[in-house]
Amino acid sequence: MDLEFLQSVDVQILVGAAVAVLAIVVGAAYLFSSRKPKGCLDPENFKEFKLVKRQQLSHNVAKFTFELPTPSSVLGLPIGQHISCRGKDSQGEEVIKPYTPTTLDSDGGRFELVIKMYPQGRMSHHFREMRVGDYLSVKGPKGRFRYQPGQVRAFGMIAGGSGITPMFQVARAILENPKDKTNVHLIYANVTYEDILLKEELDSLVANYPGRFNVCYVLNQPPEVWDGGVGFVSKEMIQTHCPAPTPDIKILRCGHKAMGGHLDALGYSQEMQFQF
């Protein structure tokens with residue numbers, strides 16, 4: 001057999017093998033990169049996460065940053081759900097309370113909790129005592145609501161005090177997803193201006209997503225110069241700042257259970273309402 005022919009066949013075999021190997025490598029790389037990272041949460045067992053940063057935002061509010069195992073690790077919390085945190089109160093007794101992180105899985109490597117620490121709060125005591133290097137016991141995810149992109153045309157949100165955190169989580173997930181065109185209308189009520197949590201972040205969302213995210217701040221004790229709502233959240237405020245009741249909208253509430261009566265009176269069916 002001709003030597004030149006054999007050499008040609010050998011070259012063709014080598015080239016074919018190289019192409020096949022390359023295809024396998026590229027395919028494996030694509031599958032690996034497109035695979036959603038496994039979350040760090042366990043719904044049945046508490047896991048420990050290290051506190052790596054504590055930032056005091058006001059006299060009774062702090063942001064706690066917890067480290068995940070690697071910089072690319074994700075918490076794995078579905079949008080609209082929360083985690084259970086375990087600690088000890090001032091008497092040394094165990095206490096468990098739900099919280100919603102202000103970070104998303106897209107942040108990676110960490111999760112953050114913005115906590116308002118009440119004088120008599122049992123879990124508040126635990127967070128007041130936490131220092132960088134301490135560990136927090138966390139279990140999850142938990143919750144009945146799970147947001148999916150395009151689920152509704154618009155959300156109306158009514159939040160009070162620390163009830164802003166699940167709303168902020170949902171709003172961020174919607175607005176930062178370029179494929180999600182859902183609009184968000186938020187009414188956020190507090191006692192004083194100093195009680196408003198995440199105001200800088202909320203105002204940034206308003207500026208970055210004009211027309212898609214709107215906020216009405218309501219204060220029971222407003223400062224002398226104030227252009228927001230005054231008093232308690234009323235039917236008139238809901239009519240003005242929330243989308244009208246239609247089948248393709250939903251109202252989310254957190255911290256304002258009494259608002260259910262206003263919503264019923266305005267024609268928002270129970271199917272349109274969700275209380276965190």
# chains A, B, ... in the order shown; residues from 1 in each chain; ligands from 1
$ residues_around --residues "Val184 (chain A)" --least-positions-apart "5" --cutoff "6 Å" --atoms "only C-alpha atoms" --output "PDB file with N, CA and C atoms, in the first residue's frame"
ATOM      1  N   ALA A 154     -48.320  43.776  36.520  1.00  0.00           N
ATOM      2  CA  ALA A 154     -47.811  44.747  37.485  1.00  0.00           C
ATOM      3  C   ALA A 154     -48.084  44.262  38.901  1.00  0.00           C
ATOM      4  N   PHE A 155     -47.224  44.700  39.810  1.00  0.00           N
ATOM      5  CA  PHE A 155     -47.406  44.450  41.234  1.00  0.00           C
ATOM      6  C   PHE A 155     -47.711  45.765  41.939  1.00  0.00           C
ATOM      7  N   PHE A 213     -40.697  51.491  38.125  1.00  0.00           N
ATOM      8  CA  PHE A 213     -40.701  51.341  39.577  1.00  0.00           C
ATOM      9  C   PHE A 213     -41.041  52.687  40.207  1.00  0.00           C
TER      10      PHE A 213
END
$ closest_atom_pairs --of "region 114-153 of chain A" --to "region 256-276 of chain A" --cutoff "10 Å" --atoms "only C-alpha atoms" --output "CSV"
residue,atom,partner,partner_atom,distance
A:Gly143,CA,A:Phe276,CA,8.0
A:Arg144,CA,A:Phe276,CA,8.4
A:Phe145,CA,A:Phe274,CA,7.8
$ write_last_selection --atoms "N, CA, C and O atoms" --output "PDB file, in the first residue's frame"
ATOM      1  N   GLY A 143     -41.798  29.587  52.646  1.00  0.00           N
ATOM      2  CA  GLY A 143     -42.751  30.562  52.127  1.00  0.00           C
ATOM      3  C   GLY A 143     -43.671  29.980  51.074  1.00  0.00           C
ATOM      4  O   GLY A 143     -43.314  29.039  50.373  1.00  0.00           O
ATOM      5  N   ARG A 144     -44.854  30.577  50.967  1.00  0.00           N
ATOM      6  CA  ARG A 144     -45.864  30.098  50.014  1.00  0.00           C
ATOM      7  C   ARG A 144     -45.753  30.782  48.656  1.00  0.00           C
ATOM      8  O   ARG A 144     -46.183  30.248  47.652  1.00  0.00           O
ATOM      9  N   PHE A 145     -45.168  31.976  48.629  1.00  0.00           N
ATOM     10  CA  PHE A 145     -45.104  32.745  47.384  1.00  0.00           C
ATOM     11  C   PHE A 145     -43.759  32.529  46.695  1.00  0.00           C
ATOM     12  O   PHE A 145     -42.712  32.572  47.340  1.00  0.00           O
TER      13      PHE A 145
END
$ closest_residue --among "A:Tyr217, A:Phe111, A:Phe127, A:Phe66" --to "Gln169 (chain A)" --atoms "only C-alpha atoms"
A:Phe111
$ residues_around --residues "Met130 (chain A)" --least-positions-apart "3" --cutoff "10 Å" --atoms "only C-alpha atoms" --output "count of residues only"
11
$ select_by_dssp --residues "region 22-204 of chain A" --states "alpha helix (DSSP H)" --output "PyMOL selection string"
chain A and resi 22-34+122-129+164-175+199-204
$ write_last_selection --atoms "N, CA and C atoms" --output "mmCIF file, in the first residue's frame"
data_model
loop_
_atom_site.group_PDB
_atom_site.id
_atom_site.type_symbol
_atom_site.label_atom_id
_atom_site.label_comp_id
_atom_site.auth_asym_id
_atom_site.auth_seq_id
_atom_site.Cartn_x
_atom_site.Cartn_y
_atom_site.Cartn_z
ATOM 1 N N LEU A 22 -12.531 18.094 20.885
ATOM 2 C CA LEU A 22 -12.867 19.496 21.055
ATOM 3 C C LEU A 22 -14.365 19.689 21.239
ATOM 4 N N ALA A 23 -15.164 18.967 20.462
ATOM 5 C CA ALA A 23 -16.616 19.065 20.575
ATOM 6 C C ALA A 23 -17.095 18.629 21.957
ATOM 7 N N ILE A 24 -16.485 17.562 22.476
ATOM 8 C CA ILE A 24 -16.855 17.071 23.808
ATOM 9 C C ILE A 24 -16.503 18.097 24.877
ATOM 10 N N VAL A 25 -15.297 18.690 24.746
ATOM 11 C CA VAL A 25 -14.848 19.692 25.729
ATOM 12 C C VAL A 25 -15.754 20.915 25.707
ATOM 13 N N VAL A 26 -16.068 21.407 24.491
ATOM 14 C CA VAL A 26 -16.933 22.586 24.362
ATOM 15 C C VAL A 26 -18.328 22.292 24.907
ATOM 16 N N GLY A 27 -18.837 21.103 24.570
ATOM 17 C CA GLY A 27 -20.167 20.726 25.060
ATOM 18 C C GLY A 27 -20.206 20.633 26.570
ATOM 19 N N ALA A 28 -19.179 20.032 27.139
ATOM 20 C CA ALA A 28 -19.116 19.896 28.603
ATOM 21 C C ALA A 28 -19.007 21.263 29.259
ATOM 22 N N ALA A 29 -18.202 22.139 28.656
ATOM 23 C CA ALA A 29 -18.042 23.486 29.207
ATOM 24 C C ALA A 29 -19.360 24.250 29.170
ATOM 25 N N TYR A 30 -20.100 24.091 28.069
ATOM 26 C CA TYR A 30 -21.395 24.772 27.959
ATOM 27 C C TYR A 30 -22.369 24.275 29.012
ATOM 28 N N LEU A 31 -22.440 22.955 29.163
ATOM 29 C CA LEU A 31 -23.343 22.388 30.153
ATOM 30 C C LEU A 31 -22.976 22.838 31.562
ATOM 31 N N PHE A 32 -21.679 22.881 31.839
ATOM 32 C CA PHE A 32 -21.217 23.284 33.170
ATOM 33 C C PHE A 32 -21.556 24.746 33.438
ATOM 34 N N SER A 33 -21.326 25.608 32.409
ATOM 35 C CA SER A 33 -21.564 27.037 32.598
ATOM 36 C C SER A 33 -23.042 27.364 32.670
ATOM 37 N N SER A 34 -23.894 26.586 31.976
ATOM 38 C CA SER A 34 -25.326 26.873 31.951
ATOM 39 C C SER A 34 -26.064 26.220 33.108
ATOM 40 N N ARG A 122 -36.852 39.456 70.731
ATOM 41 C CA ARG A 122 -36.034 38.317 71.171
ATOM 42 C C ARG A 122 -34.906 38.030 70.183
ATOM 43 N N MET A 123 -35.241 38.005 68.884
ATOM 44 C CA MET A 123 -34.197 37.776 67.884
ATOM 45 C C MET A 123 -33.350 39.036 67.697
ATOM 46 N N SER A 124 -33.952 40.189 67.984
ATOM 47 C CA SER A 124 -33.195 41.441 67.919
ATOM 48 C C SER A 124 -32.007 41.392 68.868
ATOM 49 N N HIS A 125 -32.207 40.796 70.034
ATOM 50 C CA HIS A 125 -31.122 40.664 71.009
ATOM 51 C C HIS A 125 -29.965 39.865 70.414
ATOM 52 N N HIS A 126 -30.293 38.783 69.712
ATOM 53 C CA HIS A 126 -29.248 37.948 69.114
ATOM 54 C C HIS A 126 -28.418 38.742 68.106
ATOM 55 N N PHE A 127 -29.098 39.507 67.245
ATOM 56 C CA PHE A 127 -28.370 40.282 66.243
ATOM 57 C C PHE A 127 -27.585 41.426 66.885
ATOM 58 N N ARG A 128 -28.127 42.026 67.942
ATOM 59 C CA ARG A 128 -27.389 43.090 68.635
ATOM 60 C C ARG A 128 -26.060 42.583 69.173
ATOM 61 N N GLU A 129 -26.061 41.314 69.599
ATOM 62 C CA GLU A 129 -24.860 40.738 70.207
ATOM 63 C C GLU A 129 -23.881 40.166 69.184
ATOM 64 N N ILE A 164 -40.299 45.840 54.337
ATOM 65 C CA ILE A 164 -39.803 46.244 53.023
ATOM 66 C C ILE A 164 -38.874 45.198 52.423
ATOM 67 N N THR A 165 -38.232 44.363 53.248
ATOM 68 C CA THR A 165 -37.187 43.478 52.700
ATOM 69 C C THR A 165 -37.693 42.474 51.663
ATOM 70 N N PRO A 166 -38.834 41.782 51.876
ATOM 71 C CA PRO A 166 -39.287 40.897 50.797
ATOM 72 C C PRO A 166 -39.708 41.660 49.552
ATOM 73 N N MET A 167 -40.240 42.873 49.729
ATOM 74 C CA MET A 167 -40.624 43.687 48.576
ATOM 75 C C MET A 167 -39.391 44.101 47.769
ATOM 76 N N PHE A 168 -38.345 44.488 48.485
ATOM 77 C CA PHE A 168 -37.101 44.892 47.820
ATOM 78 C C PHE A 168 -36.510 43.727 47.046
ATOM 79 N N GLN A 169 -36.557 42.533 47.629
ATOM 80 C CA GLN A 169 -36.034 41.334 46.964
ATOM 81 C C GLN A 169 -36.772 41.083 45.644
ATOM 82 N N VAL A 170 -38.109 41.119 45.685
ATOM 83 C CA VAL A 170 -38.915 40.874 44.486
ATOM 84 C C VAL A 170 -38.689 41.977 43.456
ATOM 85 N N ALA A 171 -38.681 43.229 43.903
ATOM 86 C CA ALA A 171 -38.497 44.358 42.980
ATOM 87 C C ALA A 171 -37.148 44.276 42.277
ATOM 88 N N ARG A 172 -36.094 43.993 43.025
ATOM 89 C CA ARG A 172 -34.764 43.873 42.415
ATOM 90 C C ARG A 172 -34.736 42.777 41.356
ATOM 91 N N ALA A 173 -35.302 41.619 41.697
ATOM 92 C CA ALA A 173 -35.287 40.483 40.764
ATOM 93 C C ALA A 173 -36.017 40.833 39.470
ATOM 94 N N ILE A 174 -37.120 41.555 39.589
ATOM 95 C CA ILE A 174 -37.893 41.947 38.409
ATOM 96 C C ILE A 174 -37.117 42.950 37.565
ATOM 97 N N LEU A 175 -36.675 44.011 38.196
ATOM 98 C CA LEU A 175 -36.079 45.124 37.461
ATOM 99 C C LEU A 175 -34.717 44.796 36.868
ATOM 100 N N LYS A 199 -33.753 53.263 51.927
ATOM 101 C CA LYS A 199 -34.243 54.389 51.122
ATOM 102 C C LYS A 199 -33.306 54.708 49.960
ATOM 103 N N GLU A 200 -32.015 54.717 50.223
ATOM 104 C CA GLU A 200 -31.061 55.008 49.154
ATOM 105 C C GLU A 200 -31.167 53.984 48.027
ATOM 106 N N GLU A 201 -31.302 52.712 48.396
ATOM 107 C CA GLU A 201 -31.420 51.648 47.385
ATOM 108 C C GLU A 201 -32.731 51.756 46.612
ATOM 109 N N LEU A 202 -33.816 52.082 47.311
ATOM 110 C CA LEU A 202 -35.117 52.225 46.649
ATOM 111 C C LEU A 202 -35.108 53.415 45.694
ATOM 112 N N ASP A 203 -34.550 54.545 46.145
ATOM 113 C CA ASP A 203 -34.480 55.725 45.280
ATOM 114 C C ASP A 203 -33.610 55.459 44.060
ATOM 115 N N SER A 204 -32.584 54.626 44.233
ATOM 116 C CA SER A 204 -31.725 54.262 43.104
ATOM 117 C C SER A 204 -32.504 53.451 42.077
#
$ closest_residue --among "A:Thr102, A:Gln151, A:Thr192, A:Gln55" --to "Val132 (chain A)" --atoms "only C-alpha atoms"
A:Gln55
$ atom_distance --atom1 "CA of Tyr147 (chain A)" --atom2 "CA of Val61 (chain A)"
27.4 Å
$ select_by_dssp --residues "region 7-198 of chain A" --states "strand (DSSP E)" --output "MDAnalysis selection string"
chainID A and resid 47:56 61:67 82:88 94:99 110:116 135:142 154:160 183:190
$ residues_around --residues "His185 (chain A)" --least-positions-apart "2" --cutoff "9 Å" --atoms "only C-alpha atoms" --output "list of chain:residue names"
A:Ala154, A:Phe155, A:Gly156, A:Met157, A:Ile158, A:Asn183, A:Ile187, A:Arg212, A:Phe213, A:Asn214, A:Val215, A:Cys216, A:His241, A:Cys242, A:Pro243
$ write_last_selection --atoms "C-alpha atoms" --output "short mmCIF file (atom, residue, chain, number, x, y, z; two decimals), in the first residue's frame"
data_model
loop_
_atom_site.label_atom_id
_atom_site.label_comp_id
_atom_site.auth_asym_id
_atom_site.auth_seq_id
_atom_site.Cartn_x
_atom_site.Cartn_y
_atom_site.Cartn_z
CA ALA A 154 -47.81 44.75 37.48
CA PHE A 155 -47.41 44.45 41.23
CA GLY A 156 -48.81 46.76 43.85
CA MET A 157 -46.78 46.50 47.05
CA ILE A 158 -47.74 47.73 50.53
CA ASN A 183 -44.05 47.14 36.59
CA ILE A 187 -46.37 52.15 49.10
CA ARG A 212 -41.28 50.84 35.87
CA PHE A 213 -40.70 51.34 39.58
CA ASN A 214 -42.55 53.91 41.65
CA VAL A 215 -42.45 54.53 45.41
CA CYS A 216 -44.80 56.46 47.66
CA HIS A 241 -50.42 54.57 43.83
CA CYS A 242 -51.34 50.93 43.08
CA PRO A 243 -52.52 49.47 39.76
#
$ atom_distance --atom1 "CA of Ile115 (chain A)" --atom2 "CA of Ile96 (chain A)"
14.3 Å
$ residues_around --residues "Pro78 (chain A)" --least-positions-apart "6" --cutoff "9 Å" --atoms "only C-alpha atoms" --output "PyMOL selection string"
chain A and resi 105+141+146-147
$ closest_residue --among "A:Val206, A:Val95, A:Cys85, A:Val52" --to "Leu186 (chain A)" --atoms "only C-alpha atoms"
A:Val206
